[in-house]
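**Q** Pasting upload_23.pdb below, which is PDB, C-alpha atoms, pLDDT in the B column.
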```
ATOM      1  CA  MET S 192       0.000   0.000   0.000  1.00 52.00           C
ATOM      2  CA  GLY S 193       1.185   3.468  -0.765  1.00 64.00           C
ATOM      3  CA  ARG S 194       1.480   6.298   1.641  1.00 77.00           C
ATOM      4  CA  LYS S 195      -1.164   8.950   1.998  1.00 88.00           C
ATOM      5  CA  GLN S 196      -0.751  12.053  -0.093  1.00 92.00           C
ATOM      6  CA  TYR S 197      -1.374  15.610   1.081  1.00 90.00           C
ATOM      7  CA  PHE S 198      -2.694  17.978  -1.575  1.00 93.00           C
ATOM      8  CA  CYS S 199      -2.288  21.742  -1.064  1.00 92.00           C
ATOM      9  CA  GLU S 200      -5.050  23.551  -2.912  1.00 92.00           C
ATOM     10  CA  TYR S 201      -3.275  26.913  -2.676  1.00 91.00           C
ATOM     11  CA  CYS S 202      -0.137  25.628  -4.406  1.00 91.00           C
ATOM     12  CA  ASN S 203      -1.843  22.949  -6.528  1.00 92.00           C
ATOM     13  CA  ARG S 204       0.753  20.462  -5.371  1.00 92.00           C
ATOM     14  CA  SER S 205       0.766  17.099  -3.579  1.00 92.00           C
ATOM     15  CA  PHE S 206       3.415  15.329  -1.501  1.00 90.00           C
ATOM     16  CA  HIS S 207       3.746  12.519   1.051  1.00 89.00           C
ATOM     17  CA  ASP S 208       1.797  13.288   4.185  1.00 89.00           C
ATOM     18  CA  HIS S 209       4.510  13.388   6.863  1.00 89.00           C
ATOM     19  CA  LEU S 210       4.399  15.779   9.771  1.00 91.00           C
ATOM     20  CA  MET S 211       7.690  17.426   8.876  1.00 92.00           C
ATOM     21  CA  ALA S 212       6.898  17.613   5.151  1.00 91.00           C
ATOM     22  CA  ARG S 213       3.569  19.281   5.828  1.00 91.00           C
ATOM     23  CA  LYS S 214       5.119  21.655   8.385  1.00 93.00           C
ATOM     24  CA  ASN S 215       7.865  22.666   5.953  1.00 93.00           C
ATOM     25  CA  HIS S 216       5.383  23.233   3.157  1.00 93.00           C
ATOM     26  CA  LEU S 217       2.931  25.271   5.247  1.00 92.00           C
ATOM     27  CA  SER S 218       5.735  27.560   6.453  1.00 93.00           C
ATOM     28  CA  SER S 219       7.350  27.971   3.016  1.00 93.00           C
ATOM     29  CA  SER S 220       7.307  31.389   1.370  1.00 90.00           C
ATOM     30  CA  ILE S 221       5.678  30.029  -1.809  1.00 90.00           C
ATOM     31  CA  HIS S 222       2.744  28.594   0.141  1.00 92.00           C
ATOM     32  CA  LEU S 223       2.315  31.781   2.188  1.00 90.00           C
ATOM     33  CA  LYS S 224       2.284  33.930  -0.978  1.00 86.00           C
ATOM     34  CA  ASN S 225      -0.215  31.625  -2.693  1.00 89.00           C
ATOM     35  CA  ARG S 226      -2.468  31.671   0.371  1.00 91.00           C
ATOM     36  CA  ASP S 227      -2.355  35.477   0.508  1.00 86.00           C
ATOM     37  CA  VAL S 228      -3.203  35.691  -3.198  1.00 82.00           C
ATOM     38  CA  TRP S 229      -6.196  33.389  -2.638  1.00 88.00           C
ATOM     39  CA  TYR S 230      -7.619  35.450   0.229  1.00 87.00           C
ATOM     40  CA  LYS S 231      -7.032  38.763  -1.550  1.00 83.00           C
ATOM     41  CA  LYS S 232      -9.570  37.647  -4.141  1.00 84.00           C
ATOM     42  CA  PHE S 233     -12.275  38.012  -1.495  1.00 88.00           C
ATOM     43  CA  GLN S 234     -11.219  41.397  -0.120  1.00 86.00           C
ATOM     44  CA  GLY S 235     -13.709  44.200   0.097  1.00 88.00           C
ATOM     45  CA  LYS S 236     -13.339  47.551  -1.622  1.00 88.00           C
ATOM     46  CA  ARG S 237     -12.246  49.328   1.536  1.00 89.00           C
ATOM     47  CA  GLU S 238      -9.449  46.838   2.286  1.00 89.00           C
ATOM     48  CA  THR S 239      -8.274  46.981  -1.321  1.00 87.00           C
ATOM     49  CA  LEU S 240      -8.114  50.767  -1.218  1.00 89.00           C
ATOM     50  CA  GLU S 241      -6.255  50.887   2.110  1.00 89.00           C
ATOM     51  CA  GLU S 242      -3.745  48.335   0.870  1.00 87.00           C
ATOM     52  CA  ASN S 243      -3.129  50.094  -2.464  1.00 87.00           C
ATOM     53  CA  LEU S 244      -2.818  53.607  -1.034  1.00 88.00           C
ATOM     54  CA  ASN S 245       0.394  52.621   0.766  1.00 86.00           C
ATOM     55  CA  LYS S 246       1.983  50.995  -2.292  1.00 88.00           C
ATOM     56  CA  LYS S 247       3.878  52.603  -5.126  1.00 90.00           C
ATOM     57  CA  PRO S 248       2.643  51.916  -8.692  1.00 90.00           C
ATOM     58  CA  CYS S 249       4.078  48.920 -10.549  1.00 90.00           C
ATOM     59  CA  HIS S 250       5.814  50.422 -13.586  1.00 89.00           C
ATOM     60  CA  LYS S 251       6.040  47.083 -15.405  1.00 89.00           C
ATOM     61  CA  TYR S 252       2.256  46.524 -15.080  1.00 87.00           C
ATOM     62  CA  LEU S 253       1.368  50.106 -16.021  1.00 85.00           C
ATOM     63  CA  ALA S 254       3.674  50.033 -19.064  1.00 88.00           C
ATOM     64  CA  ASP S 255       2.965  46.540 -20.439  1.00 87.00           C
ATOM     65  CA  GLY S 256      -0.303  45.611 -18.740  1.00 84.00           C
ATOM     66  CA  VAL S 257       1.351  42.421 -17.457  1.00 88.00           C
ATOM     67  CA  CYS S 258       3.386  41.859 -14.328  1.00 88.00           C
ATOM     68  CA  PRO S 259       5.494  38.692 -13.926  1.00 88.00           C
ATOM     69  CA  PHE S 260       4.662  38.616 -10.209  1.00 85.00           C
ATOM     70  CA  GLY S 261       0.890  38.814 -10.701  1.00 79.00           C
ATOM     71  CA  ASN S 262      -1.118  39.374  -7.521  1.00 73.00           C
ATOM     72  CA  ALA S 263       1.975  38.627  -5.425  1.00 75.00           C
ATOM     73  CA  CYS S 264       3.611  41.849  -6.626  1.00 84.00           C
ATOM     74  CA  LYS S 265       4.605  44.242  -3.861  1.00 87.00           C
ATOM     75  CA  TYR S 266       3.612  47.238  -5.996  1.00 91.00           C
ATOM     76  CA  ARG S 267       0.060  48.284  -6.864  1.00 89.00           C
ATOM     77  CA  HIS S 268      -1.599  47.405 -10.150  1.00 87.00           C
ATOM     78  CA  LEU S 269      -4.217  50.143  -9.992  1.00 87.00           C
ATOM     79  CA  ASN S 270      -3.672  53.429 -11.784  1.00 86.00           C
ATOM     80  CA  ASP S 271      -4.725  56.773 -10.290  1.00 87.00           C
ATOM     81  CA  TYR S 272      -8.043  56.791 -12.157  1.00 90.00           C
ATOM     82  CA  GLU S 273      -8.984  53.362 -10.754  1.00 89.00           C
ATOM     83  CA  LEU S 274      -7.983  54.450  -7.243  1.00 90.00           C
ATOM     84  CA  ASN S 275     -10.170  57.570  -7.470  1.00 92.00           C
ATOM     85  CA  GLU S 276     -13.044  55.486  -8.823  1.00 92.00           C
ATOM     86  CA  LEU S 277     -12.664  53.054  -5.919  1.00 91.00           C
ATOM     87  CA  LYS S 278     -12.697  55.961  -3.437  1.00 92.00           C
ATOM     88  CA  SER S 279     -15.878  57.382  -4.943  1.00 91.00           C
ATOM     89  CA  GLU S 280     -17.616  53.970  -4.812  1.00 90.00           C
ATOM     90  CA  ILE S 281     -16.751  53.643  -1.119  1.00 89.00           C
ATOM     91  CA  GLU S 282     -18.029  57.176  -0.429  1.00 88.00           C
ATOM     92  CA  LEU S 283     -21.307  56.370  -2.202  1.00 85.00           C
ATOM     93  CA  GLU S 284     -21.726  53.230  -0.114  1.00 83.00           C
ATOM     94  CA  ASP S 285     -21.016  55.166   3.086  1.00 80.00           C
ATOM     95  CA  ASN S 286     -23.534  57.879   2.199  1.00 76.00           C
ATOM     96  CA  ALA S 287     -26.186  55.338   1.270  1.00 73.00           C
ATOM     97  CA  ALA S 288     -25.765  53.426   4.526  1.00 67.00           C
ATOM     98  CA  ASP S 289     -28.016  54.284   7.456  1.00 65.00           C
ATOM     99  CA  SER S 290     -25.994  56.399   9.896  1.00 68.00           C
ATOM    100  CA  ARG S 291     -28.232  55.635  12.866  1.00 72.00           C
ATOM    101  CA  SER S 292     -27.103  53.193  15.500  1.00 76.00           C
ATOM    102  CA  GLY S 293     -29.063  50.075  16.390  1.00 77.00           C
ATOM    103  CA  SER S 294     -30.378  51.589  19.638  1.00 82.00           C
ATOM    104  CA  ASP S 295     -31.680  54.659  17.769  1.00 84.00           C
ATOM    105  CA  ILE S 296     -33.520  52.490  15.268  1.00 81.00           C
ATOM    106  CA  LEU S 297     -34.986  50.377  18.062  1.00 83.00           C
ATOM    107  CA  SER S 298     -36.157  53.356  20.113  1.00 86.00           C
ATOM    108  CA  GLU S 299     -37.767  54.905  17.014  1.00 87.00           C
ATOM    109  CA  TRP S 300     -39.574  51.650  16.248  1.00 85.00           C
ATOM    110  CA  LEU S 301     -40.782  51.306  19.858  1.00 87.00           C
ATOM    111  CA  SER S 302     -42.146  54.866  19.902  1.00 89.00           C
ATOM    112  CA  LYS S 303     -44.029  54.262  16.627  1.00 87.00           C
ATOM    113  CA  ARG S 304     -45.417  51.051  18.080  1.00 86.00           C
ATOM    114  CA  LYS S 305     -46.657  52.868  21.207  1.00 86.00           C
ATOM    115  CA  GLU S 306     -48.354  55.499  19.034  1.00 86.00           C
ATOM    116  CA  ASN S 307     -50.061  52.804  16.965  1.00 82.00           C
ATOM    117  CA  GLU S 308     -51.198  50.951  20.076  1.00 81.00           C
ATOM    118  CA  SER S 309     -52.573  54.099  21.697  1.00 80.00           C
ATOM    119  CA  SER S 310     -54.461  55.079  18.529  1.00 76.00           C
ATOM    120  CA  SER S 311     -55.816  51.549  18.052  1.00 69.00           C
ATOM    121  CA  ASN S 312     -56.870  51.395  21.751  1.00 66.00           C
ATOM    122  CA  ALA S 313     -58.790  54.649  21.353  1.00 61.00           C
ATOM    123  CA  THR S 314     -60.671  53.353  18.313  1.00 58.00           C
ATOM    124  CA  THR S 315     -61.380  49.942  19.870  1.00 55.00           C
ATOM    125  CA  ASN S 316     -62.725  51.577  23.034  1.00 55.00           C
ATOM    126  CA  ASN S 317     -65.113  53.620  20.892  1.00 52.00           C
ATOM    127  CA  ASN S 318     -66.226  50.532  18.940  1.00 49.00           C
ATOM    128  CA  GLN S 319     -66.443  48.472  22.133  1.00 51.00           C
ATOM    129  CA  HIS S 320     -64.901  45.428  20.471  1.00 52.00           C
ATOM    130  CA  LYS S 321     -67.721  45.135  17.952  1.00 56.00           C
ATOM    131  CA  LEU S 322     -67.058  43.399  14.633  1.00 57.00           C
ATOM    132  CA  LYS S 323     -69.433  43.389  11.733  1.00 61.00           C
ATOM    133  CA  PHE S 324     -69.678  40.266   9.582  1.00 64.00           C
ATOM    134  CA  SER S 325     -71.425  40.027   6.248  1.00 67.00           C
ATOM    135  CA  ILE S 326     -72.121  37.247   3.791  1.00 68.00           C
ATOM    136  CA  PRO S 327     -70.746  37.912   0.284  1.00 70.00           C
ATOM    137  CA  VAL S 328     -73.401  38.828  -2.258  1.00 70.00           C
ATOM    138  CA  GLU S 329     -72.392  35.984  -4.595  1.00 69.00           C
ATOM    139  CA  ILE S 330     -73.393  33.284  -2.127  1.00 70.00           C
ATOM    140  CA  GLN S 331     -76.331  34.886  -0.322  1.00 68.00           C
ATOM    141  CA  GLN S 332     -78.846  33.157  -2.606  1.00 64.00           C
ATOM    142  CA  GLN S 333     -77.226  29.724  -2.241  1.00 69.00           C
ATOM    143  CA  TYR S 334     -77.798  27.197   0.490  1.00 73.00           C
ATOM    144  CA  LEU S 335     -75.097  27.377   3.153  1.00 72.00           C
ATOM    145  CA  PRO S 336     -74.698  24.933   5.983  1.00 76.00           C
ATOM    146  CA  PRO S 337     -75.287  26.517   9.406  1.00 73.00           C
ATOM    147  CA  SER S 338     -71.616  26.194  10.345  1.00 74.00           C
ATOM    148  CA  LEU S 339     -70.632  28.666   7.596  1.00 72.00           C
ATOM    149  CA  TYR S 340     -73.011  31.421   8.720  1.00 70.00           C
ATOM    150  CA  PRO S 341     -71.477  34.178  10.852  1.00 67.00           C
ATOM    151  CA  PRO S 342     -72.583  34.265  14.483  1.00 64.00           C
ATOM    152  CA  MET S 343     -75.913  36.003  15.079  1.00 61.00           C
ATOM    153  CA  THR S 344     -76.342  38.010  18.251  1.00 53.00           C
ATOM    154  CA  SER S 345     -79.497  39.985  17.529  1.00 54.00           C
ATOM    155  CA  GLN S 346     -82.974  39.019  16.390  1.00 53.00           C
ATOM    156  CA  THR S 347     -82.759  40.667  12.979  1.00 54.00           C
ATOM    157  CA  GLU S 348     -81.682  38.485  10.104  1.00 54.00           C
ATOM    158  CA  ASP S 349     -79.182  40.901   8.537  1.00 56.00           C
ATOM    159  CA  ASP S 350     -77.345  41.856  11.707  1.00 54.00           C
ATOM    160  CA  TYR S 351     -74.357  39.556  12.021  1.00 53.00           C
ATOM    161  CA  SER S 352     -72.433  41.624  14.548  1.00 54.00           C
ATOM    162  CA  CYS S 353     -70.319  39.858  17.115  1.00 53.00           C
ATOM    163  CA  HIS S 354     -69.257  41.181  20.521  1.00 52.00           C
ATOM    164  CA  PHE S 355     -66.059  39.817  21.930  1.00 53.00           C
ATOM    165  CA  THR S 356     -63.871  40.652  24.927  1.00 56.00           C
ATOM    166  CA  ALA S 357     -60.684  38.728  24.208  1.00 56.00           C
ATOM    167  CA  GLU S 358     -57.637  40.691  23.056  1.00 63.00           C
ATOM    168  CA  TRP S 359     -55.235  39.135  20.593  1.00 63.00           C
ATOM    169  CA  GLY S 360     -51.679  40.036  19.832  1.00 55.00           C
TER     170      GLY S 360
END
```
Show the structure stored in the file as structure tokens.

**A**
Amino acid sequence: MGRKQYFCEYCNRSFHDHLMARKNHLSSSIHLKNRDVWYKKFQGKRETLEENLNKKPCHKYLADGVCPFGNACKYRHLNDYELNELKSEIELEDNAADSRSGSDILSEWLSKRKENESSSNATTNNNQHKLKFSIPVEIQQQYLPPSLYPPMTSQTEDDYSCHFTAEWG
């Protein structure tokens, strides 16, 4: 039987799975660069801008459009126009975001809820918990079983009002 193989997805390389071999590979400069390149793909705009502001422009990339070091280059591959465009996109996102804190939003929502409850309590006290039911016109002429009729509380046939005292919600 052969030995187990360890495959590094960052480096696209496999080797015998020994403790020392894996340790040496994971601490190698090639692996560390490849791992950094992989995670830089998922960086946000703000992190990209902060990282590129501190770097000098890569003259090889700006002149030829190709850099032999690729994403592992220690110089930036964004020109000034792209940097300014990235800044403006970040500013637009910041302006569009809600500047209120979570506690402000919550207190505003609670105050609106109190107002709605107080206004609904005032109207329900005036109506004295009275609901009015009606049978749709389309089915008034048809035979309905008694279980489908709304509750009747008065002696008149058309008054299907219902008084209740339970509060829901």

**Q** Report, in Å to a single decimal, how far apart CA of Lys195 (chain S) and CA of Tyr230 (chain S) are.

**A** 27.3 Å

**Q** Between CA of Glu242 (chain S) and CA of Leu269 (chain S), measure the distance and give it in Å to one decimal.

**A** 11.0 Å

**Q** Where does the PyMOL selection byres ((chain S and resi 198-213) around 12) land in this file, that is, which residues does it pick, as a PDB file with C-alpha atoms, in the frame of the given file?

**A**
```
ATOM      1  CA  GLY S 193       1.185   3.468  -0.765  1.00 64.00           C
ATOM      2  CA  ARG S 194       1.480   6.298   1.641  1.00 77.00           C
ATOM      3  CA  LYS S 195      -1.164   8.950   1.998  1.00 88.00           C
ATOM      4  CA  GLN S 196      -0.751  12.053  -0.093  1.00 92.00           C
ATOM      5  CA  TYR S 197      -1.374  15.610   1.081  1.00 90.00           C
ATOM      6  CA  LYS S 214       5.119  21.655   8.385  1.00 93.00           C
ATOM      7  CA  ASN S 215       7.865  22.666   5.953  1.00 93.00           C
ATOM      8  CA  HIS S 216       5.383  23.233   3.157  1.00 93.00           C
ATOM      9  CA  LEU S 217       2.931  25.271   5.247  1.00 92.00           C
ATOM     10  CA  SER S 218       5.735  27.560   6.453  1.00 93.00           C
ATOM     11  CA  SER S 219       7.350  27.971   3.016  1.00 93.00           C
ATOM     12  CA  SER S 220       7.307  31.389   1.370  1.00 90.00           C
ATOM     13  CA  ILE S 221       5.678  30.029  -1.809  1.00 90.00           C
ATOM     14  CA  HIS S 222       2.744  28.594   0.141  1.00 92.00           C
ATOM     15  CA  LEU S 223       2.315  31.781   2.188  1.00 90.00           C
ATOM     16  CA  LYS S 224       2.284  33.930  -0.978  1.00 86.00           C
ATOM     17  CA  ASN S 225      -0.215  31.625  -2.693  1.00 89.00           C
ATOM     18  CA  ARG S 226      -2.468  31.671   0.371  1.00 91.00           C
ATOM     19  CA  ASP S 227      -2.355  35.477   0.508  1.00 86.00           C
ATOM     20  CA  VAL S 228      -3.203  35.691  -3.198  1.00 82.00           C
ATOM     21  CA  TRP S 229      -6.196  33.389  -2.638  1.00 88.00           C
ATOM     22  CA  TYR S 230      -7.619  35.450   0.229  1.00 87.00           C
TER      23      TYR S 230
END
```

**Q** As AutoDock Vina command-line options, please report the centre and edge lengths, rounded to one decimal in Å, of the axis-aligned box that holds all listed atoms of region 300-307 of chain S with 3 Å of padding on each of the six sides.

**A**
```
--center_x -44.8 --center_y 53.3 --center_z 18.7 --size_x 16.5 --size_y 10.4 --size_z 11.0
```

**Q** Could you name the residues that touch Pro259 (chain S) at 12 Å or less, counting all atoms listed in the file, but leaving out those on the same chain fewer than 6 positions away, as a ChimeraX atom specification?

**A** /S:249-252,265-266,268

**Q** Please, could you write that set of residues out with C-alpha atoms as a tab-separated table (two decimals), in the coordinates of the input?

**A**
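Heads up, here's the output in result.tsv:
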```tsv
chain	number	residue	atom	x	y	z
S	249	CYS	CA	4.08	48.92	-10.55
S	250	HIS	CA	5.81	50.42	-13.59
S	251	LYS	CA	6.04	47.08	-15.40
S	252	TYR	CA	2.26	46.52	-15.08
S	265	LYS	CA	4.61	44.24	-3.86
S	266	TYR	CA	3.61	47.24	-6.00
S	268	HIS	CA	-1.60	47.40	-10.15
```

**Q** In Å, with one decimal, what is the gap from CA of Glu280 (chain S) to CA of Arg237 (chain S)?

**A**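 CA of Arg237 (chain S) lies at a distance of 9.5 Å from CA of Glu280 (chain S).
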
**Q** Specify as a list in words each residue included when the PyMOL selection byres ((chain S and resi 243) around 9) is applied to this file.

**A**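 Expected selection for the PyMOL selection byres ((chain S and resi 243) around 9) here is Glu238, Thr239, Leu240, Glu241, Glu242, Leu244, Asn245, Lys246, Lys247, Pro248, Tyr266, Arg267, His268, Leu269 and Leu274 of chain S.
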